[in-house]
Amino acid sequence: MANPLLGQILGGIFASAMRGRGRSGPFRGGTGGTGLGGLAGGKRGMLLAMLLPFAMQWVQRNGGIGAVLDRFKQKGFGQQADSWVSTGVNQSLQADAVDNVVGREELSRLARQLGVPEQEVADGFAEILPEMVDQLSPEGQVPPEADDALDGGLSEIEKELSHLTTSTLP
């Protein structure tokens, strides 16, 4: 299921990250902040906001966006992965596909760390990964600076989450 707000936030994060590094790129996004607070309203949104940096780190640890796309293809989810890169509609990803590609051990670790059921982590990754790839390939292909945008985007999200958690604490 597509999440337009998640897509807007990721697009803004990646565009902002590249501007912050003094580089331009094909990434679309507004000139303002990431707006992560808009996503974090409600239990599901807050879970997605908390999972974003974990999903981005997982992509980094697994060789970057190109290597992760290859991993999805090798596991039999090439049609979905290709749809996320293309300029057309993104095919959805099921939680069992995330379990297969990301791995049960990783999902269990994140679930324990966040204090949520493993199924919620898998569902969150299934929502985040297609949007992340889509935003990192805005012109129908993964540009050379996609991993740089991912790296910078992770820093942007961590700053935003830090502000969110300190502003919501009593």
# chains A, B, ... in the order shown; residues from 1 in each chain; ligands from 1
call {"tool": "select_by_dssp", "arguments": {"residues": "segment 77-157 of chain A", "states": "alpha helix (DSSP H)", "output": "PyMOL selection string"}}
result
chain A and resi 78-85+95-102+104-114+118-136+146-157
call {"tool": "closest_atom_pairs", "arguments": {"of": "segment 98-147 of chain A", "to": "segment 81-88 of chain A", "cutoff": "9 Å", "atoms": "only C-alpha atoms", "output": "CSV"}}
result
residue,atom,partner,partner_atom,distance
A:Leu129,CA,A:Trp84,CA,8.9
A:Pro130,CA,A:Trp84,CA,5.6
A:Glu131,CA,A:Trp84,CA,7.3
A:Met132,CA,A:Trp84,CA,8.6
A:Val133,CA,A:Trp84,CA,5.9
A:Asp134,CA,A:Trp84,CA,4.9
A:Gln135,CA,A:Val85,CA,8.5
A:Leu136,CA,A:Val85,CA,8.0
A:Ser137,CA,A:Val85,CA,5.4
A:Pro138,CA,A:Thr87,CA,7.0
A:Glu139,CA,A:Thr87,CA,6.5
A:Gly140,CA,A:Ser86,CA,4.2
A:Gln141,CA,A:Val85,CA,5.8
A:Val142,CA,A:Val85,CA,6.9
call {"tool": "write_last_selection", "arguments": {"atoms": "N, CA and C atoms", "output": "tab-separated table (two decimals), in the first residue's frame"}}
result
chain	number	residue	atom	x	y	z
A	129	LEU	N	10.37	0.29	2.30
A	129	LEU	CA	11.34	-0.04	1.26
A	129	LEU	C	10.90	0.36	-0.15
A	130	PRO	N	9.65	0.07	-0.58
A	130	PRO	CA	9.25	0.52	-1.92
A	130	PRO	C	9.29	2.05	-2.07
A	131	GLU	N	8.85	2.77	-1.05
A	131	GLU	CA	8.87	4.24	-1.12
A	131	GLU	C	10.30	4.77	-1.15
A	132	MET	N	11.17	4.14	-0.37
A	132	MET	CA	12.57	4.58	-0.33
A	132	MET	C	13.21	4.40	-1.71
A	133	VAL	N	13.04	3.22	-2.29
A	133	VAL	CA	13.61	2.97	-3.62
A	133	VAL	C	13.00	3.92	-4.64
A	134	ASP	N	11.70	4.12	-4.58
A	134	ASP	CA	11.01	5.01	-5.51
A	134	ASP	C	11.60	6.42	-5.44
A	135	GLN	N	11.81	6.91	-4.23
A	135	GLN	CA	12.34	8.27	-4.06
A	135	GLN	C	13.82	8.36	-4.45
A	136	LEU	N	14.54	7.27	-4.35
A	136	LEU	CA	15.96	7.27	-4.74
A	136	LEU	C	16.15	7.01	-6.24
A	137	SER	N	15.07	6.78	-6.96
A	137	SER	CA	15.15	6.55	-8.40
A	137	SER	C	14.05	7.35	-9.12
A	138	PRO	N	14.04	8.69	-8.94
A	138	PRO	CA	12.91	9.50	-9.42
A	138	PRO	C	12.76	9.56	-10.94
A	139	GLU	N	13.81	9.25	-11.68
A	139	GLU	CA	13.71	9.33	-13.14
A	139	GLU	C	13.69	7.95	-13.80
A	140	GLY	N	13.33	6.93	-13.02
A	140	GLY	CA	13.21	5.58	-13.56
A	140	GLY	C	14.50	4.79	-13.59
A	141	GLN	N	15.52	5.29	-12.93
A	141	GLN	CA	16.76	4.55	-12.78
A	141	GLN	C	17.44	5.02	-11.51
A	142	VAL	N	18.31	4.19	-10.96
A	142	VAL	CA	19.01	4.55	-9.74
A	142	VAL	C	20.23	5.39	-10.15
call {"tool": "closest_residue", "arguments": {"among": "A:Gln94, A:Ser162, A:Ser108, A:Ser16", "to": "Asp123 of chain A", "atoms": "only C-alpha atoms"}}
result
A:Gln94
call {"tool": "closest_residue", "arguments": {"among": "A:Gln60, A:Phe125, A:Leu154, A:Asn100", "to": "Leu48 of chain A", "atoms": "only C-alpha atoms"}}
result
A:Phe125
call {"tool": "closest_residue", "arguments": {"among": "A:Phe72, A:Gly78, A:Arg112, A:Asp148", "to": "Val98 of chain A", "atoms": "only C-alpha atoms"}}
result
A:Phe72
call {"tool": "atom_distance", "arguments": {"atom1": "atom CA of Glu156 of chain A", "atom2": "atom CA of Asn3 of chain A"}}
result
19.8 Å
call {"tool": "atom_distance", "arguments": {"atom1": "atom CA of Gly12 of chain A", "atom2": "atom CA of Gly153 of chain A"}}
result
9.0 Å
call {"tool": "residues_around", "arguments": {"residues": "Ala122 of chain A", "least_positions_apart": "2", "cutoff": "7 Å", "atoms": "only C-alpha atoms", "output": "ChimeraX atom specification"}}
result
/A:95,98-99,107,118-120,124-126
call {"tool": "write_last_selection", "arguments": {"atoms": "C-alpha atoms", "output": "PDB file, in the first residue's frame"}}
result
ATOM      1  CA  ALA A  95       5.552  -8.795   4.959  1.00  0.00           C
ATOM      2  CA  VAL A  98      10.450  -8.760   3.844  1.00  0.00           C
ATOM      3  CA  ASP A  99      10.953 -11.773   6.101  1.00  0.00           C
ATOM      4  CA  LEU A 107      13.368  -8.400  12.078  1.00  0.00           C
ATOM      5  CA  GLU A 118       7.886  -8.673  14.731  1.00  0.00           C
ATOM      6  CA  GLN A 119       4.929  -8.565  12.338  1.00  0.00           C
ATOM      7  CA  GLU A 120       4.675  -4.778  12.776  1.00  0.00           C
ATOM      8  CA  GLY A 124       6.639  -1.311   8.313  1.00  0.00           C
ATOM      9  CA  PHE A 125       9.585  -2.395   6.183  1.00  0.00           C
ATOM     10  CA  ALA A 126       7.122  -3.544   3.497  1.00  0.00           C
TER      11      ALA A 126
END
call {"tool": "closest_residue", "arguments": {"among": "A:Glu127, A:Gly152, A:His163, A:Ala17", "to": "Asn90 of chain A", "atoms": "only C-alpha atoms"}}
result
A:Glu127
call {"tool": "atom_distance", "arguments": {"atom1": "atom CA of Val68 of chain A", "atom2": "atom CA of Val101 of chain A"}}
result
9.0 Å
call {"tool": "closest_residue", "arguments": {"among": "A:Gln80, A:Gln74, A:Ser92, A:Asn62", "to": "Ile128 of chain A", "atoms": "only C-alpha atoms"}}
result
A:Ser92
